[in-house]
$ cat upload_14.pdb   # PDB, C-alpha atoms
ATOM      1  CA  THR A   6       0.000   0.000   0.000  1.00  0.00           C
ATOM      2  CA  LEU A   7       1.340   3.380  -0.907  1.00  0.00           C
ATOM      3  CA  MET A   8       1.360   5.422   2.301  1.00  0.00           C
ATOM      4  CA  ALA A   9       2.794   8.659   0.986  1.00  0.00           C
ATOM      5  CA  VAL A  10       4.125  10.188  -2.161  1.00  0.00           C
ATOM      6  CA  LEU A  11       5.888  13.492  -1.821  1.00  0.00           C
ATOM      7  CA  LEU A  12       6.858  15.608  -4.802  1.00  0.00           C
ATOM      8  CA  ALA A  13       8.755  18.822  -4.401  1.00  0.00           C
ATOM      9  CA  THR A  14      11.177  21.147  -6.044  1.00  0.00           C
ATOM     10  CA  PHE A  15      13.408  23.348  -3.957  1.00  0.00           C
ATOM     11  CA  ALA A  16      14.839  26.516  -5.434  1.00  0.00           C
ATOM     12  CA  ALA A  17      18.505  27.003  -4.837  1.00  0.00           C
ATOM     13  CA  CYS A  18      19.822  29.828  -2.745  1.00  0.00           C
ATOM     14  CA  SER A  19      21.058  32.839  -4.644  1.00  0.00           C
ATOM     15  CA  ASP A  20      24.714  32.023  -3.962  1.00  0.00           C
ATOM     16  CA  ASP A  21      24.624  28.730  -5.889  1.00  0.00           C
ATOM     17  CA  THR A  22      26.748  28.488  -8.983  1.00  0.00           C
ATOM     18  CA  THR A  23      25.901  26.269 -11.890  1.00  0.00           C
ATOM     19  CA  ASN A  24      28.521  23.783 -12.969  1.00  0.00           C
ATOM     20  CA  PRO A  25      27.879  22.491 -16.508  1.00  0.00           C
ATOM     21  CA  ASP A  26      28.566  18.903 -15.466  1.00  0.00           C
ATOM     22  CA  SER A  27      26.608  19.161 -12.227  1.00  0.00           C
ATOM     23  CA  ILE A  28      23.316  17.685 -13.500  1.00  0.00           C
ATOM     24  CA  MET A  29      23.072  14.344 -11.797  1.00  0.00           C
ATOM     25  CA  ASP A  30      20.570  11.719 -10.647  1.00  0.00           C
ATOM     26  CA  PHE A  31      20.559  10.015  -7.254  1.00  0.00           C
ATOM     27  CA  THR A  32      18.549   7.259  -5.599  1.00  0.00           C
ATOM     28  CA  ALA A  33      17.923   5.846  -2.124  1.00  0.00           C
ATOM     29  CA  THR A  34      16.308   2.630  -0.912  1.00  0.00           C
ATOM     30  CA  LEU A  35      14.835   3.087   2.570  1.00  0.00           C
ATOM     31  CA  ASN A  36      14.224   0.418   5.207  1.00  0.00           C
ATOM     32  CA  GLY A  37      14.338  -0.077   8.965  1.00  0.00           C
ATOM     33  CA  ALA A  38      17.569  -2.077   8.878  1.00  0.00           C
ATOM     34  CA  SER A  39      19.380   1.059   7.677  1.00  0.00           C
ATOM     35  CA  ALA A  40      18.120   3.206  10.567  1.00  0.00           C
ATOM     36  CA  LYS A  41      20.845   4.588  12.832  1.00  0.00           C
ATOM     37  CA  PRO A  42      22.052   4.503  15.530  1.00  0.00           C
ATOM     38  CA  SER A  43      20.060   1.237  15.777  1.00  0.00           C
ATOM     39  CA  ALA A  44      18.093  -0.742  13.226  1.00  0.00           C
ATOM     40  CA  ILE A  45      14.296  -0.538  13.483  1.00  0.00           C
ATOM     41  CA  SER A  46      12.196  -3.696  13.181  1.00  0.00           C
ATOM     42  CA  THR A  47       9.594  -2.687  10.599  1.00  0.00           C
ATOM     43  CA  ALA A  48       8.115  -3.972   7.367  1.00  0.00           C
ATOM     44  CA  ALA A  49       8.133  -0.405   5.992  1.00  0.00           C
ATOM     45  CA  THR A  50      10.117   0.338   2.850  1.00  0.00           C
ATOM     46  CA  GLY A  51      10.617   3.280   0.574  1.00  0.00           C
ATOM     47  CA  THR A  52      12.363   4.618  -2.479  1.00  0.00           C
ATOM     48  CA  ALA A  53      13.528   8.109  -3.304  1.00  0.00           C
ATOM     49  CA  THR A  54      14.882   9.633  -6.485  1.00  0.00           C
ATOM     50  CA  PHE A  55      16.642  12.973  -6.765  1.00  0.00           C
ATOM     51  CA  THR A  56      17.751  15.095  -9.711  1.00  0.00           C
ATOM     52  CA  TYR A  57      20.185  17.956  -9.201  1.00  0.00           C
ATOM     53  CA  THR A  58      20.035  20.414 -12.105  1.00  0.00           C
ATOM     54  CA  GLY A  59      22.685  22.861 -10.958  1.00  0.00           C
ATOM     55  CA  THR A  60      20.148  25.175  -9.316  1.00  0.00           C
ATOM     56  CA  THR A  61      17.457  22.873  -7.907  1.00  0.00           C
ATOM     57  CA  ILE A  62      16.983  19.427  -6.446  1.00  0.00           C
ATOM     58  CA  GLU A  63      13.799  17.697  -7.517  1.00  0.00           C
ATOM     59  CA  TYR A  64      12.797  14.584  -5.632  1.00  0.00           C
ATOM     60  CA  THR A  65      10.143  11.928  -5.319  1.00  0.00           C
ATOM     61  CA  LEU A  66       9.706   9.842  -2.176  1.00  0.00           C
ATOM     62  CA  SER A  67       7.393   6.822  -1.945  1.00  0.00           C
ATOM     63  CA  VAL A  68       6.908   4.811   1.241  1.00  0.00           C
ATOM     64  CA  THR A  69       4.754   1.840   2.153  1.00  0.00           C
ATOM     65  CA  GLY A  70       3.938  -0.141   5.291  1.00  0.00           C
ATOM     66  CA  LEU A  71       4.832   2.420   7.944  1.00  0.00           C
ATOM     67  CA  GLU A  72       4.116   0.799  11.311  1.00  0.00           C
ATOM     68  CA  GLY A  73       4.703   3.809  13.550  1.00  0.00           C
ATOM     69  CA  GLY A  74       1.810   5.847  12.126  1.00  0.00           C
ATOM     70  CA  ASP A  75       1.669   8.297   9.249  1.00  0.00           C
ATOM     71  CA  ALA A  76       4.943   9.966   8.346  1.00  0.00           C
ATOM     72  CA  SER A  77       5.544  12.903  10.676  1.00  0.00           C
ATOM     73  CA  ALA A  78       8.650  14.141   8.843  1.00  0.00           C
ATOM     74  CA  ALA A  79      10.797  13.206   5.875  1.00  0.00           C
ATOM     75  CA  HIS A  80      14.018  14.949   4.969  1.00  0.00           C
ATOM     76  CA  VAL A  81      17.603  14.674   3.824  1.00  0.00           C
ATOM     77  CA  HIS A  82      20.396  14.444   6.379  1.00  0.00           C
ATOM     78  CA  ILE A  83      24.031  15.212   5.721  1.00  0.00           C
ATOM     79  CA  GLY A  84      26.039  12.407   7.279  1.00  0.00           C
ATOM     80  CA  ALA A  85      28.164   9.359   6.608  1.00  0.00           C
ATOM     81  CA  PRO A  86      26.437   6.096   5.610  1.00  0.00           C
ATOM     82  CA  ASN A  87      26.869   4.415   9.008  1.00  0.00           C
ATOM     83  CA  ALA A  88      26.467   7.470  11.217  1.00  0.00           C
ATOM     84  CA  THR A  89      23.828  10.010  12.087  1.00  0.00           C
ATOM     85  CA  GLY A  90      23.925  13.532  10.742  1.00  0.00           C
ATOM     86  CA  SER A  91      22.080  16.786  11.005  1.00  0.00           C
ATOM     87  CA  PRO A  92      18.871  17.149   9.015  1.00  0.00           C
ATOM     88  CA  THR A  93      19.102  19.551   6.122  1.00  0.00           C
ATOM     89  CA  PHE A  94      16.024  21.738   6.143  1.00  0.00           C
ATOM     90  CA  LEU A  95      17.363  23.616   3.107  1.00  0.00           C
ATOM     91  CA  MET A  96      16.923  27.067   4.617  1.00  0.00           C
ATOM     92  CA  GLY A  97      20.109  28.933   3.800  1.00  0.00           C
ATOM     93  CA  VAL A  98      21.861  25.792   2.518  1.00  0.00           C
ATOM     94  CA  PRO A  99      22.977  26.105  -1.102  1.00  0.00           C
ATOM     95  CA  MET A 100      21.722  23.254  -3.262  1.00  0.00           C
ATOM     96  CA  SER A 101      25.291  22.829  -4.476  1.00  0.00           C
ATOM     97  CA  ASP A 102      26.333  21.882  -0.899  1.00  0.00           C
ATOM     98  CA  VAL A 103      23.556  19.294  -0.665  1.00  0.00           C
ATOM     99  CA  ALA A 104      24.471  17.904  -4.102  1.00  0.00           C
ATOM    100  CA  THR A 105      28.149  17.727  -3.097  1.00  0.00           C
ATOM    101  CA  ALA A 106      27.194  15.650  -0.044  1.00  0.00           C
ATOM    102  CA  MET A 107      25.034  13.384  -2.220  1.00  0.00           C
ATOM    103  CA  ARG A 108      27.850  12.950  -4.761  1.00  0.00           C
ATOM    104  CA  SER A 109      30.303  11.989  -2.029  1.00  0.00           C
ATOM    105  CA  PHE A 110      27.973   9.438  -0.367  1.00  0.00           C
ATOM    106  CA  ARG A 111      27.475  11.667   2.705  1.00  0.00           C
ATOM    107  CA  ALA A 112      23.683  12.113   2.592  1.00  0.00           C
ATOM    108  CA  TYR A 113      20.685   9.989   3.459  1.00  0.00           C
ATOM    109  CA  ALA A 114      16.894  10.205   3.342  1.00  0.00           C
ATOM    110  CA  ASN A 115      14.991   9.599   6.569  1.00  0.00           C
ATOM    111  CA  VAL A 116      11.252   9.133   7.220  1.00  0.00           C
ATOM    112  CA  HIS A 117      10.043   9.687  10.774  1.00  0.00           C
ATOM    113  CA  THR A 118       6.845   8.377  12.377  1.00  0.00           C
ATOM    114  CA  PRO A 119       5.309   9.305  15.762  1.00  0.00           C
ATOM    115  CA  SER A 120       5.700   5.894  17.474  1.00  0.00           C
ATOM    116  CA  ALA A 121       8.725   5.598  19.770  1.00  0.00           C
ATOM    117  CA  SER A 122       8.935   1.872  19.024  1.00  0.00           C
ATOM    118  CA  HIS A 123       9.203   2.575  15.312  1.00  0.00           C
ATOM    119  CA  GLY A 124      11.790   5.289  15.141  1.00  0.00           C
ATOM    120  CA  ALA A 125      10.374   8.455  16.697  1.00  0.00           C
ATOM    121  CA  GLY A 126      13.354  10.773  16.902  1.00  0.00           C
ATOM    122  CA  ALA A 127      15.594   8.538  14.780  1.00  0.00           C
ATOM    123  CA  GLY A 128      13.277   7.737  11.880  1.00  0.00           C
ATOM    124  CA  GLU A 129      11.457   4.526  10.998  1.00  0.00           C
ATOM    125  CA  ILE A 130      13.168   4.034   7.647  1.00  0.00           C
ATOM    126  CA  ARG A 131      16.369   5.399   6.205  1.00  0.00           C
ATOM    127  CA  GLY A 132      18.343   5.039   2.999  1.00  0.00           C
ATOM    128  CA  ASN A 133      21.736   6.261   1.849  1.00  0.00           C
ATOM    129  CA  ILE A 134      21.555   8.565  -1.159  1.00  0.00           C
ATOM    130  CA  VAL A 135      23.830   7.370  -3.941  1.00  0.00           C
ATOM    131  CA  PRO A 136      24.590   8.676  -7.425  1.00  0.00           C
ATOM    132  CA  VAL A 137      23.054   6.884 -10.405  1.00  0.00           C
ATOM    133  CA  PHE A 138      25.772   6.191 -12.960  1.00  0.00           C
TER
END

$ encode --input "upload_14.pdb" --output "structure tokens"
Amino acid sequence: TLMAVLLATFAACSDDTTNPDSIMDFTATLNGASAKPSAISTAATGTATFTYTGTTIEYTLSVTGLEGGDASAAHVHIGAPNATGSPTFLMGVPMSDVATAMRSFRAYANVHTPSASHGAGAGEIRGNIVPVF
């Protein structure tokens, strides 16, 4: 069952610069086993796709089977694959910085639900964002 589909386009901050070879696609596969600092036991899964155009990041996020309730938050974090990192709420963060983190395997997508037993605070499902080659 499709629980949520989010579509959004974020405009880049005015200090972004466009690099001609900066257009790039990314993907993430989200699940509870990838949650950090500890895995979450959940049947929930998700997929996310991202396209960086040099000035914007467009993304689609689809999740299914959330056990901790409806999604209460979903966002990109800047952080290493096996660590936790700060959420990027994109206010004042140039899209080029977010894209650089995605290119260097230092970003992940996280979906939070309200239930403490299914990731409240840490997220129910998580997936590392990786470039599509």

$ resolve_selection --input "upload_14.pdb" --expression "the PyMOL selection byres ((chain A and resi 104-107) around 12)" --output "JSON list (two decimals) with C-alpha atoms, in the frame of the given file"
[["chain", "number", "residue", "atom", "x", "y", "z"],
["A", 17, "ALA", "CA", 18.50, 27.00, -4.84],
["A", 21, "ASP", "CA", 24.62, 28.73, -5.89],
["A", 22, "THR", "CA", 26.75, 28.49, -8.98],
["A", 23, "THR", "CA", 25.90, 26.27, -11.89],
["A", 24, "ASN", "CA", 28.52, 23.78, -12.97],
["A", 27, "SER", "CA", 26.61, 19.16, -12.23],
["A", 28, "ILE", "CA", 23.32, 17.68, -13.50],
["A", 29, "MET", "CA", 23.07, 14.34, -11.80],
["A", 30, "ASP", "CA", 20.57, 11.72, -10.65],
["A", 31, "PHE", "CA", 20.56, 10.02, -7.25],
["A", 32, "THR", "CA", 18.55, 7.26, -5.60],
["A", 33, "ALA", "CA", 17.92, 5.85, -2.12],
["A", 54, "THR", "CA", 14.88, 9.63, -6.48],
["A", 55, "PHE", "CA", 16.64, 12.97, -6.76],
["A", 56, "THR", "CA", 17.75, 15.10, -9.71],
["A", 57, "TYR", "CA", 20.18, 17.96, -9.20],
["A", 58, "THR", "CA", 20.04, 20.41, -12.10],
["A", 59, "GLY", "CA", 22.68, 22.86, -10.96],
["A", 60, "THR", "CA", 20.15, 25.18, -9.32],
["A", 61, "THR", "CA", 17.46, 22.87, -7.91],
["A", 62, "ILE", "CA", 16.98, 19.43, -6.45],
["A", 63, "GLU", "CA", 13.80, 17.70, -7.52],
["A", 81, "VAL", "CA", 17.60, 14.67, 3.82],
["A", 82, "HIS", "CA", 20.40, 14.44, 6.38],
["A", 83, "ILE", "CA", 24.03, 15.21, 5.72],
["A", 84, "GLY", "CA", 26.04, 12.41, 7.28],
["A", 85, "ALA", "CA", 28.16, 9.36, 6.61],
["A", 86, "PRO", "CA", 26.44, 6.10, 5.61],
["A", 90, "GLY", "CA", 23.92, 13.53, 10.74],
["A", 93, "THR", "CA", 19.10, 19.55, 6.12],
["A", 95, "LEU", "CA", 17.36, 23.62, 3.11],
["A", 98, "VAL", "CA", 21.86, 25.79, 2.52],
["A", 99, "PRO", "CA", 22.98, 26.10, -1.10],
["A", 100, "MET", "CA", 21.72, 23.25, -3.26],
["A", 101, "SER", "CA", 25.29, 22.83, -4.48],
["A", 102, "ASP", "CA", 26.33, 21.88, -0.90],
["A", 103, "VAL", "CA", 23.56, 19.29, -0.66],
["A", 108, "ARG", "CA", 27.85, 12.95, -4.76],
["A", 109, "SER", "CA", 30.30, 11.99, -2.03],
["A", 110, "PHE", "CA", 27.97, 9.44, -0.37],
["A", 111, "ARG", "CA", 27.48, 11.67, 2.70],
["A", 112, "ALA", "CA", 23.68, 12.11, 2.59],
["A", 113, "TYR", "CA", 20.68, 9.99, 3.46],
["A", 114, "ALA", "CA", 16.89, 10.20, 3.34],
["A", 132, "GLY", "CA", 18.34, 5.04, 3.00],
["A", 133, "ASN", "CA", 21.74, 6.26, 1.85],
["A", 134, "ILE", "CA", 21.56, 8.56, -1.16],
["A", 135, "VAL", "CA", 23.83, 7.37, -3.94],
["A", 136, "PRO", "CA", 24.59, 8.68, -7.42],
["A", 137, "VAL", "CA", 23.05, 6.88, -10.40]]

$ atom_distance --input "upload_14.pdb" --atom1 "atom CA of Ser43 of chain A" --atom2 "atom CA of Ala127 of chain A"
8.6 Å

$ atom_distance --input "upload_14.pdb" --atom1 "atom CA of Gly70 of chain A" --atom2 "atom CA of Ser39 of chain A"
15.7 Å

$ atom_distance --input "upload_14.pdb" --atom1 "atom CA of Thr52 of chain A" --atom2 "atom CA of Ala40 of chain A"
14.3 Å

$ closest_residue --input "upload_14.pdb" --among "A:Thr89, A:His117, A:Thr34, A:Gly97" --to "Ser77 of chain A" --atoms "all atoms listed in the file"
A:His117

$ residues_around --input "upload_14.pdb" --residues "Ile45 of chain A" --least-positions-apart "3" --cutoff "10 Å" --atoms "all atoms listed in the file" --output "JSON, numbers by chain"
{"A": [36, 37, 38, 39, 40, 41, 42, 48, 49, 122, 123, 124, 127, 128, 129, 130, 131]}

$ write_last_selection --input "upload_14.pdb" --atoms "C-alpha atoms" --output "tab-separated table (two decimals), in the coordinates of the input"
chain	number	residue	atom	x	y	z
A	36	ASN	CA	14.22	0.42	5.21
A	37	GLY	CA	14.34	-0.08	8.96
A	38	ALA	CA	17.57	-2.08	8.88
A	39	SER	CA	19.38	1.06	7.68
A	40	ALA	CA	18.12	3.21	10.57
A	41	LYS	CA	20.84	4.59	12.83
A	42	PRO	CA	22.05	4.50	15.53
A	48	ALA	CA	8.12	-3.97	7.37
A	49	ALA	CA	8.13	-0.40	5.99
A	122	SER	CA	8.94	1.87	19.02
A	123	HIS	CA	9.20	2.58	15.31
A	124	GLY	CA	11.79	5.29	15.14
A	127	ALA	CA	15.59	8.54	14.78
A	128	GLY	CA	13.28	7.74	11.88
A	129	GLU	CA	11.46	4.53	11.00
A	130	ILE	CA	13.17	4.03	7.65
A	131	ARG	CA	16.37	5.40	6.20

$ closest_residue --input "upload_14.pdb" --among "A:Ser91, A:Thr50, A:Asn115, A:Ala121" --to "Leu71 of chain A" --atoms "all atoms listed in the file"
A:Thr50

$ closest_residue --input "upload_14.pdb" --among "A:Glu72, A:Leu35, A:Tyr64, A:Ala53" --to "Ser120 of chain A" --atoms "all atoms listed in the file"
A:Glu72

$ residues_around --input "upload_14.pdb" --residues "Thr118 of chain A" --least-positions-apart "6" --cutoff "6 Å" --atoms "all atoms listed in the file" --output "list in words"
Gly73, Gly74, Ala76, Ser77 and Ala125 of chain A
